[in-house]
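Text of structure.pdb, listed as PDB, C-alpha atoms:
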```pdb
ATOM      1  CA  MET E  25     -33.457 -12.332  51.704
ATOM      2  CA  SER E  26     -30.894 -10.199  49.978
ATOM      3  CA  PRO E  27     -31.606  -6.519  49.444
ATOM      4  CA  HIS E  28     -30.090  -6.775  45.988
ATOM      5  CA  GLU E  29     -32.065  -6.868  42.847
ATOM      6  CA  HIS E  30     -29.771  -9.472  41.323
ATOM      7  CA  VAL E  31     -27.330 -12.065  42.633
ATOM      8  CA  THR E  32     -25.492 -14.237  40.111
ATOM      9  CA  PRO E  33     -26.223 -17.958  40.656
ATOM     10  CA  VAL E  34     -23.247 -20.122  41.784
ATOM     11  CA  ARG E  35     -23.742 -22.381  38.770
ATOM     12  CA  ARG E  36     -22.902 -19.485  36.444
ATOM     13  CA  PHE E  37     -19.565 -18.804  38.154
ATOM     14  CA  ILE E  38     -18.653 -22.490  37.968
ATOM     15  CA  TRP E  39     -19.492 -22.698  34.256
ATOM     16  CA  ILE E  40     -17.381 -19.632  33.581
ATOM     17  CA  LEU E  41     -14.458 -21.186  35.477
ATOM     18  CA  VAL E  42     -14.860 -24.390  33.427
ATOM     19  CA  ALA E  43     -14.944 -22.326  30.216
ATOM     20  CA  LEU E  44     -11.802 -20.426  31.301
ATOM     21  CA  LEU E  45      -9.933 -23.664  32.045
ATOM     22  CA  ILE E  46     -11.007 -25.161  28.684
ATOM     23  CA  LEU E  47      -9.741 -22.023  26.932
ATOM     24  CA  LEU E  48      -6.471 -22.344  28.878
ATOM     25  CA  ALA E  49      -6.105 -25.956  27.690
ATOM     26  CA  LEU E  50      -6.864 -24.876  24.099
ATOM     27  CA  SER E  51      -4.291 -22.133  24.382
ATOM     28  CA  ALA E  52      -1.573 -24.480  25.697
ATOM     29  CA  GLY E  53      -2.528 -27.213  23.188
ATOM     30  CA  SER E  54      -2.583 -24.930  20.149
ATOM     31  CA  ALA E  55       0.841 -23.558  21.080
ATOM     32  CA  LEU E  56       2.324 -27.032  20.544
ATOM     33  CA  VAL E  57       0.951 -27.299  16.976
ATOM     34  CA  LYS E  58       3.006 -25.663  14.240
ATOM     35  CA  LEU E  59       0.777 -22.879  12.859
ATOM     36  CA  GLY E  60       3.290 -20.086  12.252
ATOM     37  CA  THR E  61       1.870 -16.624  12.896
ATOM     38  CA  PHE E  62      -1.496 -18.181  13.731
ATOM     39  CA  ASN E  63      -0.036 -19.569  16.987
ATOM     40  CA  THR E  64       0.239 -15.996  18.228
ATOM     41  CA  VAL E  65      -3.088 -14.909  16.702
ATOM     42  CA  ILE E  66      -4.977 -17.844  18.288
ATOM     43  CA  ASN E  67      -3.369 -17.250  21.674
ATOM     44  CA  ILE E  68      -4.189 -13.546  21.690
ATOM     45  CA  VAL E  69      -7.782 -14.227  20.570
ATOM     46  CA  ILE E  70      -8.149 -16.824  23.364
ATOM     47  CA  SER E  71      -6.742 -14.313  25.885
ATOM     48  CA  ILE E  72      -9.261 -11.707  24.743
ATOM     49  CA  MET E  73     -12.078 -14.258  25.092
ATOM     50  CA  LYS E  74     -10.922 -15.141  28.630
ATOM     51  CA  THR E  75     -10.746 -11.443  29.529
ATOM     52  CA  LEU E  76     -14.284 -10.856  28.243
ATOM     53  CA  LEU E  77     -15.571 -13.783  30.345
ATOM     54  CA  VAL E  78     -13.835 -12.470  33.476
ATOM     55  CA  MET E  79     -15.046  -8.911  32.863
ATOM     56  CA  THR E  80     -18.661  -9.701  32.002
ATOM     57  CA  VAL E  81     -19.355 -12.274  34.727
ATOM     58  CA  PHE E  82     -16.757 -11.978  37.516
ATOM     59  CA  MET E  83     -16.474  -8.191  37.325
ATOM     60  CA  HIS E  84     -20.247  -7.738  36.792
ATOM     61  CA  GLU E  85     -19.720  -5.498  33.785
ATOM     62  CA  THR E  86     -23.070  -6.488  32.270
ATOM     63  CA  GLU E  87     -24.801  -5.098  35.372
ATOM     64  CA  ALA E  88     -22.678  -1.941  35.542
ATOM     65  CA  ARG E  89     -23.795   1.523  34.486
ATOM     66  CA  ALA E  90     -22.965   2.710  30.971
ATOM     67  CA  LEU E  91     -20.372   5.168  32.337
ATOM     68  CA  THR E  92     -18.558   2.449  34.286
ATOM     69  CA  ARG E  93     -18.532   0.186  31.244
ATOM     70  CA  LEU E  94     -17.155   2.999  29.112
ATOM     71  CA  VAL E  95     -14.340   3.747  31.588
ATOM     72  CA  SER E  96     -13.463   0.056  31.875
ATOM     73  CA  ALA E  97     -13.333  -0.257  28.084
ATOM     74  CA  PHE E  98     -11.153   2.815  27.741
ATOM     75  CA  GLY E  99      -8.197   1.360  29.606
ATOM     76  CA  PHE E 100      -8.037  -1.319  26.928
ATOM     77  CA  ILE E 101      -8.709   1.131  24.080
ATOM     78  CA  TRP E 102      -5.759   3.304  25.176
ATOM     79  CA  LEU E 103      -3.616   0.196  25.437
ATOM     80  CA  THR E 104      -4.539  -0.794  21.858
ATOM     81  CA  MET E 105      -3.633   2.709  20.676
ATOM     82  CA  LEU E 106      -0.321   2.583  22.549
ATOM     83  CA  ILE E 107       0.718  -0.744  21.044
ATOM     84  CA  SER E 108      -0.585  -0.134  17.514
ATOM     85  CA  LEU E 109       0.969   3.331  17.215
ATOM     86  CA  ALA E 110       4.287   1.995  18.530
ATOM     87  CA  LEU E 111       4.107  -0.778  15.936
ATOM     88  CA  PHE E 112       3.439   1.604  13.024
ATOM     89  CA  ASP E 113       7.017   2.707  13.425
ATOM     90  CA  VAL E 114       8.748  -0.684  13.374
ATOM     91  CA  VAL E 115       6.438  -2.286  10.825
ATOM     92  CA  THR E 116       6.413   0.498   8.221
ATOM     93  CA  ARG E 117      10.002   1.742   8.397
ATOM     94  CA  PRO E 118      12.096   0.223   5.619
ATOM     95  CA  SER E 119      15.649  -0.639   6.536
ATOM     96  CA  ILE E 120      17.854   1.627   4.466
ATOM     97  CA  PRO E 121      21.541   0.708   4.493
ATOM     98  CA  ALA E 122      23.961   3.526   5.261
ATOM     99  CA  PRO E 123      25.362   4.936   2.010
ATOM    100  CA  TRP E 124      28.982   4.839   3.214
TER     101      TRP E 124
ATOM    102  CA  MET C  15     -26.678   9.330  57.113
ATOM    103  CA  ASN C  16     -28.359   5.966  57.609
ATOM    104  CA  THR C  17     -31.125   4.908  55.296
ATOM    105  CA  ALA C  18     -34.163   2.899  56.302
ATOM    106  CA  SER C  19     -32.395  -0.268  55.124
ATOM    107  CA  GLY C  20     -29.525   0.321  57.577
ATOM    108  CA  ALA C  21     -26.882   1.131  54.952
ATOM    109  CA  HIS C  22     -24.521   4.000  55.692
ATOM    110  CA  VAL C  23     -24.562   6.685  53.002
ATOM    111  CA  GLU C  24     -22.166   9.649  52.903
ATOM    112  CA  GLU C  25     -23.892  13.005  52.604
ATOM    113  CA  GLN C  26     -22.859  13.668  49.005
ATOM    114  CA  TYR C  27     -24.828  10.643  47.776
ATOM    115  CA  SER C  28     -28.584  10.309  47.586
ATOM    116  CA  ASP C  29     -28.734   6.530  48.055
ATOM    117  CA  PRO C  30     -26.498   3.447  48.648
ATOM    118  CA  THR C  31     -26.667   2.409  44.998
ATOM    119  CA  GLN C  32     -25.326   5.749  43.793
ATOM    120  CA  GLN C  33     -22.575   5.580  46.408
ATOM    121  CA  ARG C  34     -21.564   2.080  45.339
ATOM    122  CA  GLU C  35     -21.606   3.007  41.645
ATOM    123  CA  ALA C  36     -19.361   6.007  42.295
ATOM    124  CA  ALA C  37     -16.883   3.768  44.145
ATOM    125  CA  THR C  38     -16.909   1.218  41.305
ATOM    126  CA  LEU C  39     -16.345   3.962  38.740
ATOM    127  CA  GLY C  40     -13.399   5.302  40.752
ATOM    128  CA  MET C  41     -11.941   1.807  40.998
ATOM    129  CA  TRP C  42     -12.177   1.393  37.223
ATOM    130  CA  VAL C  43     -10.308   4.668  36.710
ATOM    131  CA  PHE C  44      -7.531   3.236  38.907
ATOM    132  CA  LEU C  45      -7.660  -0.079  37.014
ATOM    133  CA  ALA C  46      -7.315   1.814  33.705
ATOM    134  CA  THR C  47      -4.048   3.288  35.027
ATOM    135  CA  GLU C  48      -2.968  -0.242  35.985
ATOM    136  CA  ILE C  49      -3.790  -1.477  32.470
ATOM    137  CA  LEU C  50      -1.568   1.259  31.056
ATOM    138  CA  PHE C  51       1.171   0.567  33.627
ATOM    139  CA  PHE C  52       1.441  -3.007  32.378
ATOM    140  CA  GLY C  53       0.579  -1.721  28.886
ATOM    141  CA  VAL C  54       3.933   0.003  28.390
ATOM    142  CA  LEU C  55       5.711  -3.236  29.295
ATOM    143  CA  PHE C  56       3.564  -5.148  26.797
ATOM    144  CA  ALA C  57       4.204  -2.438  24.180
ATOM    145  CA  ALA C  58       7.966  -2.766  24.728
ATOM    146  CA  TYR C  59       7.604  -6.536  24.470
ATOM    147  CA  THR C  60       5.651  -6.280  21.183
ATOM    148  CA  TYR C  61       8.206  -3.852  19.747
ATOM    149  CA  CYS C  62      11.154  -6.097  20.619
ATOM    150  CA  ARG C  63       9.392  -9.268  19.492
ATOM    151  CA  VAL C  64       8.665  -7.771  16.056
ATOM    152  CA  LEU C  65      12.357  -6.870  15.798
ATOM    153  CA  TYR C  66      13.709 -10.209  17.096
ATOM    154  CA  PRO C  67      11.075 -12.931  16.484
ATOM    155  CA  GLU C  68      13.525 -15.884  16.475
ATOM    156  CA  GLY C  69      15.442 -14.741  19.543
ATOM    157  CA  PHE C  70      12.204 -14.346  21.501
ATOM    158  CA  ALA C  71      11.057 -17.826  20.446
ATOM    159  CA  VAL C  72      14.360 -19.341  21.612
ATOM    160  CA  ALA C  73      14.169 -17.441  24.918
ATOM    161  CA  SER C  74      10.507 -18.327  25.523
ATOM    162  CA  ARG C  75      11.344 -22.020  25.147
ATOM    163  CA  ARG C  76      13.622 -21.657  28.177
ATOM    164  CA  THR C  77      10.681 -20.726  30.445
ATOM    165  CA  ASP C  78       8.737 -23.414  32.309
ATOM    166  CA  MET C  79       5.528 -23.966  30.307
ATOM    167  CA  LEU C  80       4.061 -26.522  32.737
ATOM    168  CA  LEU C  81       4.484 -24.246  35.764
ATOM    169  CA  GLY C  82       3.172 -21.295  33.738
ATOM    170  CA  THR C  83       0.043 -23.251  32.778
ATOM    171  CA  VAL C  84      -0.563 -24.390  36.374
ATOM    172  CA  GLU C  85      -0.092 -20.802  37.590
ATOM    173  CA  THR C  86      -2.663 -19.594  35.055
ATOM    174  CA  ALA C  87      -5.165 -22.236  36.208
ATOM    175  CA  VAL C  88      -4.509 -21.270  39.854
ATOM    176  CA  LEU C  89      -5.156 -17.570  39.177
ATOM    177  CA  LEU C  90      -8.306 -18.274  37.117
ATOM    178  CA  THR C  91      -9.647 -20.457  39.948
ATOM    179  CA  SER C  92      -8.792 -17.828  42.572
ATOM    180  CA  SER C  93     -10.709 -15.249  40.526
ATOM    181  CA  SER C  94     -13.828 -17.402  40.587
ATOM    182  CA  LEU C  95     -13.418 -17.905  44.366
ATOM    183  CA  VAL C  96     -13.262 -14.178  45.065
ATOM    184  CA  ALA C  97     -16.297 -13.605  42.809
ATOM    185  CA  LEU C  98     -18.136 -16.246  44.865
ATOM    186  CA  ALA C  99     -16.979 -14.516  48.076
ATOM    187  CA  VAL C 100     -18.589 -11.234  46.979
ATOM    188  CA  ARG C 101     -21.754 -13.151  46.109
ATOM    189  CA  SER C 102     -21.780 -14.817  49.548
ATOM    190  CA  ILE C 103     -21.433 -11.546  51.435
ATOM    191  CA  LYS C 104     -24.346 -10.104  49.412
ATOM    192  CA  LEU C 105     -26.388 -13.062  50.697
ATOM    193  CA  ASP C 106     -25.045 -12.505  54.247
ATOM    194  CA  GLN C 107     -23.166 -15.842  54.303
ATOM    195  CA  ARG C 108     -20.183 -14.496  56.224
ATOM    196  CA  ARG C 109     -18.506 -17.794  57.101
ATOM    197  CA  VAL C 110     -18.641 -18.933  53.473
ATOM    198  CA  ALA C 111     -17.290 -15.572  52.306
ATOM    199  CA  ALA C 112     -14.408 -15.690  54.818
ATOM    200  CA  ALA C 113     -13.519 -19.236  53.732
ATOM    201  CA  LEU C 114     -13.608 -18.249  50.040
ATOM    202  CA  LEU C 115     -11.370 -15.231  50.675
ATOM    203  CA  PHE C 116      -8.940 -17.408  52.611
ATOM    204  CA  GLY C 117      -8.947 -19.871  49.687
ATOM    205  CA  THR C 118      -8.221 -17.004  47.271
ATOM    206  CA  GLY C 119      -5.314 -15.927  49.477
ATOM    207  CA  LEU C 120      -3.952 -19.475  49.579
ATOM    208  CA  LEU C 121      -4.144 -19.833  45.782
ATOM    209  CA  GLY C 122      -2.407 -16.466  45.400
ATOM    210  CA  THR C 123       0.296 -17.584  47.832
ATOM    211  CA  SER C 124       0.806 -20.824  45.913
ATOM    212  CA  PHE C 125       1.154 -18.751  42.720
ATOM    213  CA  LEU C 126       3.942 -16.735  44.346
ATOM    214  CA  VAL C 127       5.689 -19.890  45.590
ATOM    215  CA  MET C 128       5.562 -21.452  42.105
ATOM    216  CA  HIS C 129       6.933 -18.246  40.615
ATOM    217  CA  GLY C 130       9.719 -18.313  43.167
ATOM    218  CA  PHE C 131      10.690 -21.789  41.961
ATOM    219  CA  GLU C 132      10.694 -20.497  38.374
ATOM    220  CA  TYR C 133      12.968 -17.589  39.278
ATOM    221  CA  HIS C 134      15.272 -19.982  41.125
ATOM    222  CA  ASP C 135      15.482 -22.332  38.107
ATOM    223  CA  GLU C 136      16.257 -19.437  35.782
ATOM    224  CA  TYR C 137      18.963 -18.232  38.146
ATOM    225  CA  THR C 138      20.636 -21.650  38.130
ATOM    226  CA  GLU C 139      20.389 -21.691  34.312
ATOM    227  CA  HIS C 140      22.204 -18.308  34.149
ATOM    228  CA  LEU C 141      19.217 -16.505  32.635
ATOM    229  CA  VAL C 142      19.140 -13.356  34.773
ATOM    230  CA  PRO C 143      20.333 -10.312  32.780
ATOM    231  CA  GLY C 144      22.605  -8.011  34.752
ATOM    232  CA  LEU C 145      23.102 -10.551  37.530
ATOM    233  CA  ASP C 146      24.027 -13.836  35.927
ATOM    234  CA  PHE C 147      23.511 -14.117  32.195
ATOM    235  CA  ASN C 148      25.953 -16.169  30.185
ATOM    236  CA  GLN C 149      24.055 -17.220  27.052
ATOM    237  CA  THR C 150      26.016 -17.273  23.847
ATOM    238  CA  GLY C 151      25.145 -17.664  20.179
ATOM    239  CA  PRO C 152      23.381 -15.506  17.582
ATOM    240  CA  TYR C 153      20.282 -14.988  19.776
ATOM    241  CA  ALA C 154      22.053 -14.056  23.023
ATOM    242  CA  LYS C 155      21.247 -10.318  22.803
ATOM    243  CA  ALA C 156      17.568 -10.907  21.915
ATOM    244  CA  MET C 157      17.300 -13.467  24.726
ATOM    245  CA  GLU C 158      18.706 -10.918  27.139
ATOM    246  CA  LEU C 159      16.007  -8.455  26.040
ATOM    247  CA  PHE C 160      13.320 -11.120  26.450
ATOM    248  CA  PHE C 161      14.459 -11.995  29.960
ATOM    249  CA  CYS C 162      14.739  -8.335  30.922
ATOM    250  CA  LEU C 163      11.103  -7.823  29.910
ATOM    251  CA  TYR C 164      10.189 -11.153  31.518
ATOM    252  CA  TYR C 165      11.506 -10.030  34.908
ATOM    253  CA  PHE C 166       9.912  -6.598  34.661
ATOM    254  CA  ILE C 167       6.506  -7.953  33.623
ATOM    255  CA  THR C 168       6.342 -10.983  35.939
ATOM    256  CA  GLY C 169       8.121  -9.111  38.750
ATOM    257  CA  PHE C 170       5.605  -6.267  38.781
ATOM    258  CA  HIS C 171       2.785  -8.767  38.344
ATOM    259  CA  SER C 172       3.995 -10.810  41.336
ATOM    260  CA  LEU C 173       4.178  -7.585  43.356
ATOM    261  CA  HIS C 174       0.510  -6.993  42.489
ATOM    262  CA  VAL C 175      -0.308 -10.583  43.481
ATOM    263  CA  LEU C 176       1.511 -10.037  46.802
ATOM    264  CA  VAL C 177      -0.566  -6.901  47.483
ATOM    265  CA  GLY C 178      -3.731  -8.797  46.477
ATOM    266  CA  VAL C 179      -2.909 -11.787  48.689
ATOM    267  CA  THR C 180      -2.304  -9.483  51.677
ATOM    268  CA  LEU C 181      -5.637  -7.752  51.037
ATOM    269  CA  MET C 182      -7.384 -11.147  50.808
ATOM    270  CA  TYR C 183      -6.090 -12.273  54.217
ATOM    271  CA  VAL C 184      -6.936  -8.900  55.798
ATOM    272  CA  LEU C 185     -10.428  -8.969  54.314
ATOM    273  CA  CYS C 186     -10.865 -12.590  55.380
ATOM    274  CA  ALA C 187     -10.187 -11.533  58.987
ATOM    275  CA  ARG C 188     -12.495  -8.523  58.689
ATOM    276  CA  VAL C 189     -15.317 -10.616  57.181
ATOM    277  CA  ALA C 190     -14.901 -13.164  59.998
ATOM    278  CA  ARG C 191     -15.229 -10.306  62.532
ATOM    279  CA  GLY C 192     -18.449  -9.233  60.822
ATOM    280  CA  ALA C 193     -17.196  -6.002  59.245
ATOM    281  CA  PHE C 194     -19.199  -6.609  56.074
ATOM    282  CA  GLY C 195     -22.756  -7.524  55.299
ATOM    283  CA  PRO C 196     -25.381  -7.375  52.559
ATOM    284  CA  TYR C 197     -25.468  -3.561  52.870
ATOM    285  CA  ARG C 198     -21.775  -3.011  53.373
ATOM    286  CA  TYR C 199     -19.487  -4.808  50.969
ATOM    287  CA  THR C 200     -18.018  -2.107  48.686
ATOM    288  CA  THR C 201     -14.444  -2.644  49.975
ATOM    289  CA  LEU C 202     -14.774  -6.335  49.243
ATOM    290  CA  GLU C 203     -16.212  -5.752  45.779
ATOM    291  CA  LEU C 204     -13.480  -3.277  44.820
ATOM    292  CA  THR C 205     -10.715  -5.583  46.066
ATOM    293  CA  ALA C 206     -12.288  -8.350  43.988
ATOM    294  CA  LEU C 207     -12.156  -6.047  40.923
ATOM    295  CA  TYR C 208      -8.439  -5.464  41.606
ATOM    296  CA  TRP C 209      -7.837  -9.215  41.892
ATOM    297  CA  HIS C 210      -9.686  -9.887  38.629
ATOM    298  CA  LEU C 211      -7.529  -7.308  36.873
ATOM    299  CA  VAL C 212      -4.360  -8.950  38.206
ATOM    300  CA  ASP C 213      -5.788 -12.157  36.754
ATOM    301  CA  ILE C 214      -6.479 -10.482  33.378
ATOM    302  CA  VAL C 215      -2.886  -9.187  33.216
ATOM    303  CA  TRP C 216      -1.676 -12.749  33.751
ATOM    304  CA  ILE C 217      -4.081 -14.031  31.054
ATOM    305  CA  PHE C 218      -1.992 -11.979  28.600
ATOM    306  CA  VAL C 219       1.383 -12.671  30.245
ATOM    307  CA  TYR C 220       0.855 -16.425  29.856
ATOM    308  CA  PRO C 221       0.831 -16.644  26.008
ATOM    309  CA  VAL C 222       3.485 -13.975  25.420
ATOM    310  CA  VAL C 223       5.967 -15.370  27.927
ATOM    311  CA  TYR C 224       5.413 -19.124  27.980
ATOM    312  CA  LEU C 225       3.888 -20.088  24.629
ATOM    313  CA  VAL C 226       6.173 -18.500  22.029
ATOM    314  CA  GLY C 227       8.023 -20.904  19.756
ATOM    315  CA  ARG C 228       6.695 -24.053  21.449
ATOM    316  CA  SER C 229       5.766 -25.787  18.169
ATOM    317  CA  GLY C 230       8.357 -27.522  16.032
TER     318      GLY C 230
END
```

Structure translated into structure tokens:
Amino acid sequence: MSPHEHVTPVRRFIWILVALLILLALSAGSALVKLGTFNTVINIVISIMKTLLVMTVFMHETEARALTRLVSAFGFIWLTMLISLALFDVVTRPSIPAPW
Amino acid sequence: MNTASGAHVEEQYSDPTQQREAATLGMWVFLATEILFFGVLFAAYTYCRVLYPEGFAVASRRTDMLLGTVETAVLLTSSSLVALAVRSIKLDQRRVAAALLFGTGLLGTSFLVMHGFEYHDEYTEHLVPGLDFNQTGPYAKAMELFFCLYYFITGFHSLHVLVGVTLMYVLCARVARGAFGPYRYTTLELTALYWHLVDIVWIFVYPVVYLVGRSG
């Protein structure tokens, strides 16, 4: 018998893989439908969902200590700050033509 | 120090669980730096795509969506295999674990081979900035930017896959020799975390590289 308090059942891993592949199919399928900006939004949302599945089940984040979870979240939080702050510049700057 | 259960614990830790948690925490600090390493490339991509949305759509249509989708499926499957390998070693099923790690390595290798074919196709289509890039038209400059970012992002990602694949084969051999067991699997678990992160990076590479401008 295993010395570990908890071992994830095989079935769970297989269901997660099935869910990931379904999300992949949705992502590829939705990209072929003309939805404008929503193509990008849907694809990013699907990617975030896939990441959460991988992190919670494959990377055992639900079983990790609070500190580990916090550190793992912070990589992504910094990334969000990096991209959003960089975008503030391009999105909010009006293009002013040179006066000469 | 060896505990009653037979697990080796370094003297700064009070028990195997604390030791394992410290290692996992350290690994996540490293993974956070990896997230930011790829993060700057994604930030540059976002910046350029906001500036040149049409050019990026035209360039993205030149990538191989079918191969990209298959590669994503291959990496997702390999992630589940390595997660199963860690589970097997916890249950002391060494042969199963070694086979699963070998399978992960094979899937990773096939990913690299498929990417090689993609790079080759792009080279023959003159889509390699700085080496052979002869696109013309109003979107040529934006396409050049897209392909520059494409090679940086996928190139560094493939390098990470190559490192991961090597680790998988090495670990497969070590598991087969009995180097790991239910009390000793931290190396395996941390390598699995690395592989999952490489997978997560690809989860985001896939829509931004292959799926832009596919409709209409």

Can you give me, as a count of residues only, the residues this file yields under the PyMOL selection byres ((chain C) within 8 of (chain E))? 46

Which residues are near Tyr183 in chain C? Cut-off 10 Å, only C-alpha atoms, ignore same chain within fewer than 2 positions. Put them as number ranges by chain. C: 112, 115-120, 178-181, 185-189

Length of the CA of Leu145 in chain C to CA of Cys162 in chain C vector [Å]: 10.9 Å

Can you work out which one of E:Met105, E:Val65, E:Leu77, E:Ala122 has the shortest atom-to-atom distance to Trp39 in chain E, counting all atoms listed in the file?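 Of all the options, E:Leu77 lies closest to Trp39 in chain E.
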
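Between CA of Tyr164 in chain C and CA of Cys62 in chain C lies a distance of 12.1 Å.
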
For each of C:Arg108, C:Arg63, C:Arg75, C:His129, take the minimum atom-to-atom distance to Val175 in chain C, counting all atoms listed in the file, then give the residue where this is smallest.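 Closest to Val175 in chain C, using all atoms listed in the file: C:His129.
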
Draw an axis-aligned box over all listed atoms of range 69-79 of chain E, pad each side with 6 Å, and write its centre and edge lengths in Å, one decimal, as JSON.
```
{"center_x": -11.2, "center_y": -12.9, "center_z": 27.0, "size_x": 20.8, "size_y": 19.9, "size_z": 24.9}
```

Please report the interatomic distance between CA of Gly130 in chain C and CA of Leu81 in chain C in Å with one decimal. 10.8 Å

Just checking: using all atoms listed in the file, which residue out of C:Ala58, C:Ala37, C:Thr31, C:Ala190 ends up closest to Leu204 in chain C?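 Checking each of C:Ala58, C:Ala37, C:Thr31, C:Ala190 against Leu204 in chain C, counting all atoms listed in the file, the winner is C:Ala37.
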
Starting from the shown file, work through the PyMOL selection byres ((chain C and resi 144) around 12) and note down what comes out as a ChimeraX atom specification. /C:137,140-143,145-148,158-159,161-162,165

Excluding Phe160 in chain C and any residue of its chain fewer than 3 positions from it, enumerate the residues within 9 Å of it, using only C-alpha atoms, and give them as a ChimeraX atom specification. /C:59,62-63,69-70,73-74,155-157,163-165,223

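Considering the residues C:Val219, C:Tyr208, C:Phe125, C:Asp213 and counting only C-alpha atoms, Phe44 in chain C has its shortest atom-to-atom contact with C:Tyr208.
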
Kindly output range 72-78 of chain C as a PDB file, keeping the file's coordinate frame, after building all heavy atoms.
```pdb
ATOM      1  N   VAL C  72      13.336 -18.536  20.931  1.00  0.00           N
ATOM      2  CA  VAL C  72      14.360 -19.341  21.612  1.00  0.00           C
ATOM      3  C   VAL C  72      14.318 -19.087  23.123  1.00  0.00           C
ATOM      4  O   VAL C  72      14.350 -20.020  23.930  1.00  0.00           O
ATOM      5  CB  VAL C  72      15.766 -19.002  21.052  1.00  0.00           C
ATOM      6  CG1 VAL C  72      16.860 -19.672  21.873  1.00  0.00           C
ATOM      7  CG2 VAL C  72      15.870 -19.415  19.586  1.00  0.00           C
ATOM      8  N   ALA C  73      14.187 -17.790  23.492  1.00  0.00           N
ATOM      9  CA  ALA C  73      14.169 -17.441  24.918  1.00  0.00           C
ATOM     10  C   ALA C  73      12.920 -17.983  25.604  1.00  0.00           C
ATOM     11  O   ALA C  73      12.983 -18.500  26.718  1.00  0.00           O
ATOM     12  CB  ALA C  73      14.249 -15.923  25.076  1.00  0.00           C
ATOM     13  N   SER C  74      11.767 -17.870  24.921  1.00  0.00           N
ATOM     14  CA  SER C  74      10.507 -18.327  25.523  1.00  0.00           C
ATOM     15  C   SER C  74      10.529 -19.824  25.794  1.00  0.00           C
ATOM     16  O   SER C  74       9.943 -20.297  26.766  1.00  0.00           O
ATOM     17  CB  SER C  74       9.340 -17.974  24.605  1.00  0.00           C
ATOM     18  OG  SER C  74       8.147 -18.504  25.107  1.00  0.00           O
ATOM     19  N   ARG C  75      11.251 -20.568  24.925  1.00  0.00           N
ATOM     20  CA  ARG C  75      11.344 -22.020  25.147  1.00  0.00           C
ATOM     21  C   ARG C  75      12.108 -22.357  26.426  1.00  0.00           C
ATOM     22  O   ARG C  75      11.998 -23.463  26.940  1.00  0.00           O
ATOM     23  CB  ARG C  75      12.013 -22.697  23.946  1.00  0.00           C
ATOM     24  CG  ARG C  75      11.021 -23.071  22.854  1.00  0.00           C
ATOM     25  CD  ARG C  75      11.561 -24.167  21.965  1.00  0.00           C
ATOM     26  NE  ARG C  75      12.639 -23.689  21.110  1.00  0.00           N
ATOM     27  CZ  ARG C  75      12.466 -23.134  19.913  1.00  0.00           C
ATOM     28  NH1 ARG C  75      11.256 -22.985  19.433  1.00  0.00           N
ATOM     29  NH2 ARG C  75      13.488 -22.745  19.195  1.00  0.00           N
ATOM     30  N   ARG C  76      12.876 -21.405  26.945  1.00  0.00           N
ATOM     31  CA  ARG C  76      13.622 -21.657  28.177  1.00  0.00           C
ATOM     32  C   ARG C  76      12.754 -21.469  29.424  1.00  0.00           C
ATOM     33  O   ARG C  76      13.184 -21.796  30.519  1.00  0.00           O
ATOM     34  CB  ARG C  76      14.843 -20.722  28.263  1.00  0.00           C
ATOM     35  CG  ARG C  76      15.821 -20.882  27.116  1.00  0.00           C
ATOM     36  CD  ARG C  76      16.526 -22.226  27.163  1.00  0.00           C
ATOM     37  NE  ARG C  76      17.363 -22.372  28.337  1.00  0.00           N
ATOM     38  CZ  ARG C  76      18.648 -22.009  28.388  1.00  0.00           C
ATOM     39  NH1 ARG C  76      19.223 -21.486  27.356  1.00  0.00           N
ATOM     40  NH2 ARG C  76      19.340 -22.193  29.492  1.00  0.00           N
ATOM     41  N   THR C  77      11.560 -20.877  29.280  1.00  0.00           N
ATOM     42  CA  THR C  77      10.681 -20.726  30.445  1.00  0.00           C
ATOM     43  C   THR C  77       9.971 -22.057  30.709  1.00  0.00           C
ATOM     44  O   THR C  77       9.975 -22.956  29.867  1.00  0.00           O
ATOM     45  CB  THR C  77       9.629 -19.625  30.220  1.00  0.00           C
ATOM     46  OG1 THR C  77       8.849 -19.976  29.076  1.00  0.00           O
ATOM     47  CG2 THR C  77      10.262 -18.267  30.020  1.00  0.00           C
ATOM     48  N   ASP C  78       9.376 -22.170  31.902  1.00  0.00           N
ATOM     49  CA  ASP C  78       8.737 -23.414  32.309  1.00  0.00           C
ATOM     50  C   ASP C  78       7.249 -23.392  31.933  1.00  0.00           C
ATOM     51  O   ASP C  78       6.430 -22.808  32.637  1.00  0.00           O
ATOM     52  CB  ASP C  78       8.910 -23.573  33.822  1.00  0.00           C
ATOM     53  CG  ASP C  78       8.571 -24.979  34.278  1.00  0.00           C
ATOM     54  OD1 ASP C  78       7.699 -25.603  33.651  1.00  0.00           O
ATOM     55  OD2 ASP C  78       9.182 -25.442  35.252  1.00  0.00           O
TER      56      ASP C  78
END
```
